$ cat coords.cif   # mmCIF, C-alpha atoms
data_start
#
loop_
_atom_site.group_PDB
_atom_site.id
_atom_site.type_symbol
_atom_site.label_atom_id
_atom_site.label_comp_id
_atom_site.auth_asym_id
_atom_site.auth_seq_id
_atom_site.Cartn_x
_atom_site.Cartn_y
_atom_site.Cartn_z
ATOM 1 C CA MET C 1 47.080 20.782 -25.673
ATOM 2 C CA ALA C 2 44.091 19.214 -23.921
ATOM 3 C CA THR C 3 41.101 18.063 -25.853
ATOM 4 C CA TYR C 4 37.655 17.923 -24.393
ATOM 5 C CA PRO C 5 34.927 15.701 -25.748
ATOM 6 C CA LEU C 6 31.897 17.467 -27.136
ATOM 7 C CA PRO C 7 28.619 16.733 -25.404
ATOM 8 C CA VAL C 8 26.644 14.102 -27.236
ATOM 9 C CA GLN C 9 23.291 15.277 -28.529
ATOM 10 C CA HIS C 10 20.788 12.444 -28.436
ATOM 11 C CA ASN C 11 18.240 13.055 -31.143
ATOM 12 C CA ARG C 12 15.424 10.922 -29.835
ATOM 13 C CA ARG C 13 12.974 9.639 -32.402
ATOM 14 C CA THR C 14 9.537 8.815 -31.125
ATOM 15 C CA ASN C 15 5.993 8.435 -32.349
ATOM 16 C CA GLU C 16 4.424 9.005 -28.925
ATOM 17 C CA LEU C 17 3.224 12.335 -27.637
ATOM 18 C CA HIS C 18 4.496 13.718 -24.375
ATOM 19 C CA PRO C 19 1.996 13.556 -21.468
ATOM 20 C CA LEU C 20 2.039 17.368 -21.234
ATOM 21 C CA VAL C 21 0.570 17.565 -24.739
ATOM 22 C CA TYR C 22 -2.316 15.329 -23.668
ATOM 23 C CA ARG C 23 -2.840 17.410 -20.529
ATOM 24 C CA ALA C 24 -2.855 20.607 -22.580
ATOM 25 C CA MET C 25 -5.446 19.107 -24.936
ATOM 26 C CA ILE C 26 -7.693 18.191 -22.008
ATOM 27 C CA GLY C 27 -7.180 21.607 -20.379
ATOM 28 C CA LEU C 28 -8.051 23.486 -23.574
ATOM 29 C CA THR C 29 -11.149 21.339 -24.047
ATOM 30 C CA ILE C 30 -12.264 22.092 -20.490
ATOM 31 C CA TRP C 31 -11.590 25.803 -21.158
ATOM 32 C CA LEU C 32 -13.816 25.614 -24.248
ATOM 33 C CA VAL C 33 -16.663 23.851 -22.432
ATOM 34 C CA LEU C 34 -16.548 26.275 -19.493
ATOM 35 C CA SER C 35 -16.519 29.308 -21.787
ATOM 36 C CA VAL C 36 -19.534 27.955 -23.680
ATOM 37 C CA TRP C 37 -21.333 27.228 -20.416
ATOM 38 C CA ALA C 38 -20.552 30.631 -18.907
ATOM 39 C CA LEU C 39 -20.966 32.887 -21.928
ATOM 40 C CA PHE C 40 -23.715 31.245 -23.992
ATOM 41 C CA SER C 41 -26.113 30.041 -21.302
ATOM 42 C CA ARG C 42 -29.140 31.996 -22.494
ATOM 43 C CA GLY C 43 -32.274 31.203 -24.405
ATOM 44 C CA ALA C 44 -35.294 28.980 -24.347
ATOM 45 C CA TYR C 45 -33.421 25.715 -24.957
ATOM 46 C CA GLU C 46 -30.505 26.438 -22.641
ATOM 47 C CA GLY C 47 -30.514 23.084 -20.846
ATOM 48 C CA VAL C 48 -30.722 21.005 -24.009
ATOM 49 C CA THR C 49 -28.035 23.005 -25.787
ATOM 50 C CA LEU C 50 -25.574 22.903 -22.902
ATOM 51 C CA SER C 51 -26.128 19.203 -22.242
ATOM 52 C CA ILE C 52 -25.512 18.299 -25.910
ATOM 53 C CA ILE C 53 -22.359 20.436 -25.998
ATOM 54 C CA THR C 54 -21.094 18.848 -22.785
ATOM 55 C CA LEU C 55 -21.873 15.333 -24.028
ATOM 56 C CA PHE C 56 -20.010 16.047 -27.267
ATOM 57 C CA PHE C 57 -16.884 17.163 -25.411
ATOM 58 C CA VAL C 58 -17.066 14.297 -22.904
ATOM 59 C CA VAL C 59 -16.970 11.900 -25.850
ATOM 60 C CA LEU C 60 -14.246 13.984 -27.523
ATOM 61 C CA VAL C 61 -12.008 13.742 -24.459
ATOM 62 C CA GLY C 62 -13.231 10.350 -23.234
ATOM 63 C CA ILE C 63 -12.203 8.278 -26.263
ATOM 64 C CA PRO C 64 -8.516 9.324 -26.190
ATOM 65 C CA VAL C 65 -8.397 8.909 -22.408
ATOM 66 C CA ILE C 66 -9.836 5.383 -22.625
ATOM 67 C CA LEU C 67 -7.352 4.506 -25.375
ATOM 68 C CA TRP C 68 -4.484 5.908 -23.311
ATOM 69 C CA LEU C 69 -5.571 3.977 -20.204
ATOM 70 C CA THR C 70 -5.811 0.771 -22.235
ATOM 71 C CA TRP C 71 -2.359 1.340 -23.696
ATOM 72 C CA ARG C 72 -0.927 2.119 -20.271
ATOM 73 C CA ARG C 73 -2.375 -1.044 -18.779
ATOM 74 C CA ASN C 74 -0.866 -3.210 -21.521
ATOM 75 C CA THR C 75 2.629 -1.706 -21.673
ATOM 76 C CA ASP C 76 5.728 -1.779 -19.527
ATOM 77 C CA LEU C 77 5.548 1.168 -17.122
ATOM 78 C CA ASN C 78 9.274 1.077 -16.335
ATOM 79 C CA ASP C 79 9.978 3.451 -19.217
ATOM 80 C CA ASN C 80 10.786 6.875 -17.861
ATOM 81 C CA VAL C 81 9.189 9.798 -19.641
ATOM 82 C CA ALA C 82 11.706 12.327 -20.874
ATOM 83 C CA PRO C 83 11.281 15.933 -19.775
ATOM 84 C CA TYR C 84 9.265 18.044 -22.186
ATOM 85 C CA ARG C 85 12.294 20.094 -23.223
ATOM 86 C CA GLU C 86 14.160 16.966 -24.254
ATOM 87 C CA TRP C 87 11.103 15.473 -25.973
ATOM 88 C CA SER C 88 10.382 18.667 -27.902
ATOM 89 C CA SER C 89 13.960 18.904 -29.174
ATOM 90 C CA GLY C 90 13.803 15.341 -30.507
ATOM 91 C CA SER C 91 12.168 14.062 -33.665
ATOM 92 C CA PHE C 92 8.501 13.082 -33.806
ATOM 93 C CA GLU C 93 7.705 10.486 -36.436
ATOM 94 C CA THR C 94 4.570 10.871 -38.561
ATOM 95 C CA TRP C 95 3.299 8.935 -41.564
ATOM 96 C CA THR C 96 4.799 11.502 -43.902
ATOM 97 C CA GLY C 97 8.181 11.845 -42.185
ATOM 98 C CA GLY C 98 9.799 13.259 -39.085
ATOM 99 C CA ILE C 99 9.258 16.709 -37.609
ATOM 100 C CA SER C 100 10.519 18.222 -34.383
ATOM 101 C CA GLY C 101 8.589 17.508 -31.215
ATOM 102 C CA ARG C 102 8.006 21.226 -30.703
ATOM 103 C CA GLU C 103 6.467 21.536 -34.168
ATOM 104 C CA ALA C 104 4.315 18.446 -33.604
ATOM 105 C CA SER C 105 2.952 19.763 -30.319
ATOM 106 C CA MET C 106 2.192 23.154 -31.914
ATOM 107 C CA GLN C 107 0.410 21.529 -34.856
ATOM 108 C CA ILE C 108 -1.675 19.440 -32.473
ATOM 109 C CA LEU C 109 -2.474 22.144 -29.902
ATOM 110 C CA LEU C 110 -2.919 25.174 -32.160
ATOM 111 C CA PRO C 111 -6.371 24.259 -33.577
ATOM 112 C CA ILE C 112 -7.736 23.384 -30.142
ATOM 113 C CA ALA C 113 -6.304 26.561 -28.614
ATOM 114 C CA ALA C 114 -7.644 28.694 -31.472
ATOM 115 C CA VAL C 115 -11.144 27.311 -30.988
ATOM 116 C CA ALA C 116 -11.022 27.659 -27.193
ATOM 117 C CA PHE C 117 -9.695 31.236 -27.182
ATOM 118 C CA GLY C 118 -11.782 32.248 -30.205
ATOM 119 C CA MET C 119 -14.969 30.942 -28.602
ATOM 120 C CA THR C 120 -14.117 32.831 -25.412
ATOM 121 C CA ILE C 121 -13.621 36.075 -27.332
ATOM 122 C CA PHE C 122 -16.768 35.447 -29.376
ATOM 123 C CA GLY C 123 -18.714 34.781 -26.149
ATOM 124 C CA LEU C 124 -17.406 37.961 -24.510
ATOM 125 C CA VAL C 125 -18.429 40.017 -27.552
ATOM 126 C CA PHE C 126 -21.857 38.354 -27.457
ATOM 127 C CA LEU C 127 -22.161 39.093 -23.734
ATOM 128 C CA PHE C 128 -21.157 42.756 -24.127
ATOM 129 C CA ALA C 129 -23.496 43.190 -27.095
ATOM 130 C CA THR C 130 -26.356 41.754 -25.032
ATOM 131 C CA TRP C 131 -25.568 44.112 -22.157
ATOM 132 C CA ALA C 132 -25.385 47.079 -24.533
ATOM 133 C CA ARG C 133 -28.707 46.117 -26.139
ATOM 134 C CA ASP C 134 -30.363 45.803 -22.730
ATOM 135 C CA ALA C 135 -28.935 49.142 -21.568
ATOM 136 C CA TYR C 136 -30.138 50.816 -24.774
ATOM 137 C CA THR C 137 -33.601 49.272 -24.341
ATOM 138 C CA ARG C 138 -33.780 50.547 -20.749
ATOM 139 C CA LYS C 139 -32.800 54.049 -21.891
ATOM 140 C CA ILE C 140 -35.459 54.050 -24.621
ATOM 141 C CA CYS C 141 -38.125 52.839 -22.172
ATOM 142 C CA ALA C 142 -37.115 55.463 -19.602
ATOM 143 C CA TYR C 143 -37.165 58.177 -22.275
ATOM 144 C CA ARG C 144 -40.633 57.107 -23.453
ATOM 145 C CA ARG C 145 -41.934 57.158 -19.864
ATOM 146 C CA LEU C 146 -40.449 60.616 -19.403
ATOM 147 C CA ILE C 147 -42.100 61.922 -22.568
ATOM 148 C CA SER C 148 -45.495 60.327 -21.898
ATOM 149 C CA SER C 149 -45.735 61.430 -18.264
ATOM 150 C CA PRO C 150 -47.975 64.475 -17.777
#
$ encode --input "coords.cif" --output "structure tokens"
Amino acid sequence: MATYPLPVQHNRRTNELHPLVYRAMIGLTIWLVLSVWALFSRGAYEGVTLSIITLFFVVLVGIPVILWLTWRRNTDLNDNVAPYREWSSGSFETWTGGISGREASMQILLPIAAVAFGMTIFGLVFLFATWARDAYTRKICAYRRLISSP
């Protein structure tokens, strides 16, 4: 009887996020800023509001990027990054213990994604409500002109 060795499962333990998680964070932040710019760009103080929002998110994304660039400059770049599938199946170390990489990435990305998608939906509802209000106002004005015309 022949015996075959079982494949060895390497349960990698790390405390570093995968680069795809950082890219997803930046992408969701850009999504949020663009949805705010596109869907809420109305009002008397439009320029001030949009510039403050953009400055806030530039700082929000800029600080982690600067920290990452500093870390990258001062570390050995010969380390190969594992594919996301392998990283997510490994263990991610936190202060309170280890969790799976998949769970860590979901816990990190879920709040950002919820805000980005929620703000987009909120902006679309705001946009449609504004269009409906304007259409209703035009109908009322047209009706009043029709009634008051001799």
$ atom_distance --input "coords.cif" --atom1 "CA of Val48 (chain C)" --atom2 "CA of Ile30 (chain C)"
18.8 Å
$ residues_around --input "coords.cif" --residues "Arg13 (chain C)" --least-positions-apart "3" --cutoff "9 Å" --atoms "all atoms listed in the file" --output "JSON, numbers by chain"
{"C": [87, 90, 91, 92, 93, 98]}
$ resolve_selection --input "coords.cif" --expression "the PyMOL selection byres ((chain C and resi 32) around 8)" --output "number ranges by chain"
C: 28-31, 33-36, 115-117, 119-120
$ resolve_selection --input "coords.cif" --expression "the PyMOL selection byres ((chain C and resi 79-84) around 10)" --output "PDB file with C-alpha atoms, in the frame of the given file"
ATOM      1  CA  ARG C  12      15.424  10.922 -29.835  1.00  0.00           C
ATOM      2  CA  LEU C  17       3.224  12.335 -27.637  1.00  0.00           C
ATOM      3  CA  HIS C  18       4.496  13.718 -24.375  1.00  0.00           C
ATOM      4  CA  PRO C  19       1.996  13.556 -21.468  1.00  0.00           C
ATOM      5  CA  LEU C  20       2.039  17.368 -21.234  1.00  0.00           C
ATOM      6  CA  VAL C  21       0.570  17.565 -24.739  1.00  0.00           C
ATOM      7  CA  THR C  75       2.629  -1.706 -21.673  1.00  0.00           C
ATOM      8  CA  ASP C  76       5.728  -1.779 -19.527  1.00  0.00           C
ATOM      9  CA  LEU C  77       5.548   1.168 -17.122  1.00  0.00           C
ATOM     10  CA  ASN C  78       9.274   1.077 -16.335  1.00  0.00           C
ATOM     11  CA  ARG C  85      12.294  20.094 -23.223  1.00  0.00           C
ATOM     12  CA  GLU C  86      14.160  16.966 -24.254  1.00  0.00           C
ATOM     13  CA  TRP C  87      11.103  15.473 -25.973  1.00  0.00           C
ATOM     14  CA  SER C  88      10.382  18.667 -27.902  1.00  0.00           C
ATOM     15  CA  SER C  89      13.960  18.904 -29.174  1.00  0.00           C
ATOM     16  CA  GLY C  90      13.803  15.341 -30.507  1.00  0.00           C
ATOM     17  CA  GLY C 101       8.589  17.508 -31.215  1.00  0.00           C
ATOM     18  CA  ARG C 102       8.006  21.226 -30.703  1.00  0.00           C
TER      19      ARG C 102
END
$ atom_distance --input "coords.cif" --atom1 "CA of Trp71 (chain C)" --atom2 "CA of Asn15 (chain C)"
14.0 Å
$ closest_residue --input "coords.cif" --among "C:Ile26, C:Leu39, C:Leu109, C:Ile121" --to "Phe57 (chain C)" --atoms "all atoms listed in the file"
C:Ile26
$ atom_distance --input "coords.cif" --atom1 "CA of Ala38 (chain C)" --atom2 "CA of Arg23 (chain C)"
22.2 Å
$ closest_residue --input "coords.cif" --among "C:Ile147, C:Met25, C:Leu69, C:Ile63" --to "Pro111 (chain C)" --atoms "all atoms listed in the file"
C:Met25
$ residues_around --input "coords.cif" --residues "Ser51 (chain C)" --least-positions-apart "4" --cutoff "12 Å" --atoms "all atoms listed in the file" --output "list of chain:residue names"
C:Val33, C:Val36, C:Trp37, C:Ser41, C:Tyr45, C:Glu46, C:Gly47, C:Leu55, C:Phe56, C:Phe57, C:Val58
$ write_last_selection --input "coords.cif" --atoms "C-alpha atoms" --output "mmCIF file, keeping the file's coordinate frame"
data_model
loop_
_atom_site.group_PDB
_atom_site.id
_atom_site.type_symbol
_atom_site.label_atom_id
_atom_site.label_comp_id
_atom_site.auth_asym_id
_atom_site.auth_seq_id
_atom_site.Cartn_x
_atom_site.Cartn_y
_atom_site.Cartn_z
ATOM 1 C CA VAL C 33 -16.663 23.851 -22.432
ATOM 2 C CA VAL C 36 -19.534 27.955 -23.680
ATOM 3 C CA TRP C 37 -21.333 27.228 -20.416
ATOM 4 C CA SER C 41 -26.113 30.041 -21.302
ATOM 5 C CA TYR C 45 -33.421 25.715 -24.957
ATOM 6 C CA GLU C 46 -30.505 26.438 -22.641
ATOM 7 C CA GLY C 47 -30.514 23.084 -20.846
ATOM 8 C CA LEU C 55 -21.873 15.333 -24.028
ATOM 9 C CA PHE C 56 -20.010 16.047 -27.267
ATOM 10 C CA PHE C 57 -16.884 17.163 -25.411
ATOM 11 C CA VAL C 58 -17.066 14.297 -22.904
#
$ decode --input "coords.cif" --residues "region 59-147 of chain C" --atoms "C-alpha atoms" --output "tab-separated table (two decimals), in the first residue's frame"
chain	number	residue	atom	x	y	z
C	59	VAL	CA	-5.44	64.21	5.40
C	60	LEU	CA	-7.33	60.98	6.16
C	61	VAL	CA	-5.62	59.16	3.29
C	62	GLY	CA	-2.36	61.12	3.35
C	63	ILE	CA	-1.23	60.19	6.87
C	64	PRO	CA	-1.39	56.40	6.32
C	65	VAL	CA	0.26	56.75	2.91
C	66	ILE	CA	3.13	58.80	4.37
C	67	LEU	CA	3.56	56.25	7.17
C	68	TRP	CA	3.56	53.40	4.65
C	69	LEU	CA	6.13	55.15	2.44
C	70	THR	CA	8.36	55.77	5.45
C	71	TRP	CA	8.08	52.14	6.51
C	72	ARG	CA	8.80	50.95	2.98
C	73	ARG	CA	11.89	53.11	2.72
C	74	ASN	CA	13.30	51.76	5.98
C	75	THR	CA	12.61	48.05	5.49
C	76	ASP	CA	14.04	45.26	3.39
C	77	LEU	CA	12.08	45.13	0.13
C	78	ASN	CA	13.21	41.59	-0.70
C	79	ASP	CA	10.22	40.16	1.16
C	80	ASN	CA	7.69	38.87	-1.32
C	81	VAL	CA	4.08	39.70	-0.59
C	82	ALA	CA	1.88	36.64	-0.39
C	83	PRO	CA	-1.17	36.49	-2.65
C	84	TYR	CA	-4.33	37.81	-1.04
C	85	ARG	CA	-5.92	34.36	-0.88
C	86	GLU	CA	-2.99	33.02	1.10
C	87	TRP	CA	-2.82	36.10	3.33
C	88	SER	CA	-6.55	36.01	4.07
C	89	SER	CA	-6.43	32.34	5.06
C	90	GLY	CA	-3.62	33.02	7.54
C	91	SER	CA	-3.83	34.53	11.00
C	92	PHE	CA	-3.75	38.28	11.59
C	93	GLU	CA	-2.40	39.27	14.98
C	94	THR	CA	-4.12	42.04	16.95
C	95	TRP	CA	-3.59	43.33	20.48
C	96	THR	CA	-6.41	41.14	21.74
C	97	GLY	CA	-5.44	37.95	19.89
C	98	GLY	CA	-5.38	36.43	16.44
C	99	ILE	CA	-8.18	36.46	13.89
C	100	SER	CA	-8.25	35.28	10.30
C	101	GLY	CA	-6.95	37.63	7.64
C	102	ARG	CA	-10.33	37.56	5.90
C	103	GLU	CA	-12.08	38.64	9.10
C	104	ALA	CA	-9.51	41.38	9.70
C	105	SER	CA	-9.93	42.81	6.22
C	106	MET	CA	-13.73	42.75	6.57
C	107	GLN	CA	-13.58	44.49	9.95
C	108	ILE	CA	-11.32	47.17	8.51
C	109	LEU	CA	-13.13	47.71	5.19
C	110	LEU	CA	-16.76	47.34	6.28
C	111	PRO	CA	-17.11	50.73	8.05
C	112	ILE	CA	-15.46	52.59	5.17
C	113	ALA	CA	-17.58	50.76	2.60
C	114	ALA	CA	-20.77	51.37	4.59
C	115	VAL	CA	-20.08	55.10	4.73
C	116	ALA	CA	-19.12	55.31	1.05
C	117	PHE	CA	-22.13	53.34	-0.24
C	118	GLY	CA	-24.50	54.88	2.32
C	119	MET	CA	-23.44	58.40	1.37
C	120	THR	CA	-23.95	57.55	-2.30
C	121	ILE	CA	-27.46	56.25	-1.63
C	122	PHE	CA	-28.22	59.23	0.61
C	123	GLY	CA	-26.96	61.59	-2.12
C	124	LEU	CA	-29.07	59.89	-4.79
C	125	VAL	CA	-32.18	60.19	-2.61
C	126	PHE	CA	-31.34	63.86	-2.01
C	127	LEU	CA	-30.86	64.40	-5.75
C	128	PHE	CA	-34.15	62.70	-6.67
C	129	ALA	CA	-36.02	64.59	-3.96
C	130	THR	CA	-34.62	67.87	-5.30
C	131	TRP	CA	-35.68	66.96	-8.84
C	132	ALA	CA	-39.15	65.97	-7.63
C	133	ARG	CA	-39.50	69.23	-5.68
C	134	ASP	CA	-38.44	71.26	-8.72
C	135	ALA	CA	-40.83	69.36	-11.00
C	136	TYR	CA	-43.68	69.89	-8.53
C	137	THR	CA	-42.85	73.61	-8.29
C	138	ARG	CA	-42.88	73.92	-12.09
C	139	LYS	CA	-46.27	72.19	-12.26
C	140	ILE	CA	-47.73	74.50	-9.60
C	141	CYS	CA	-46.37	77.59	-11.39
C	142	ALA	CA	-47.73	76.37	-14.74
C	143	TYR	CA	-51.12	75.64	-13.16
C	144	ARG	CA	-51.25	79.10	-11.57
C	145	ARG	CA	-50.39	80.74	-14.91
C	146	LEU	CA	-53.11	78.69	-16.59
C	147	ILE	CA	-55.70	79.73	-14.01
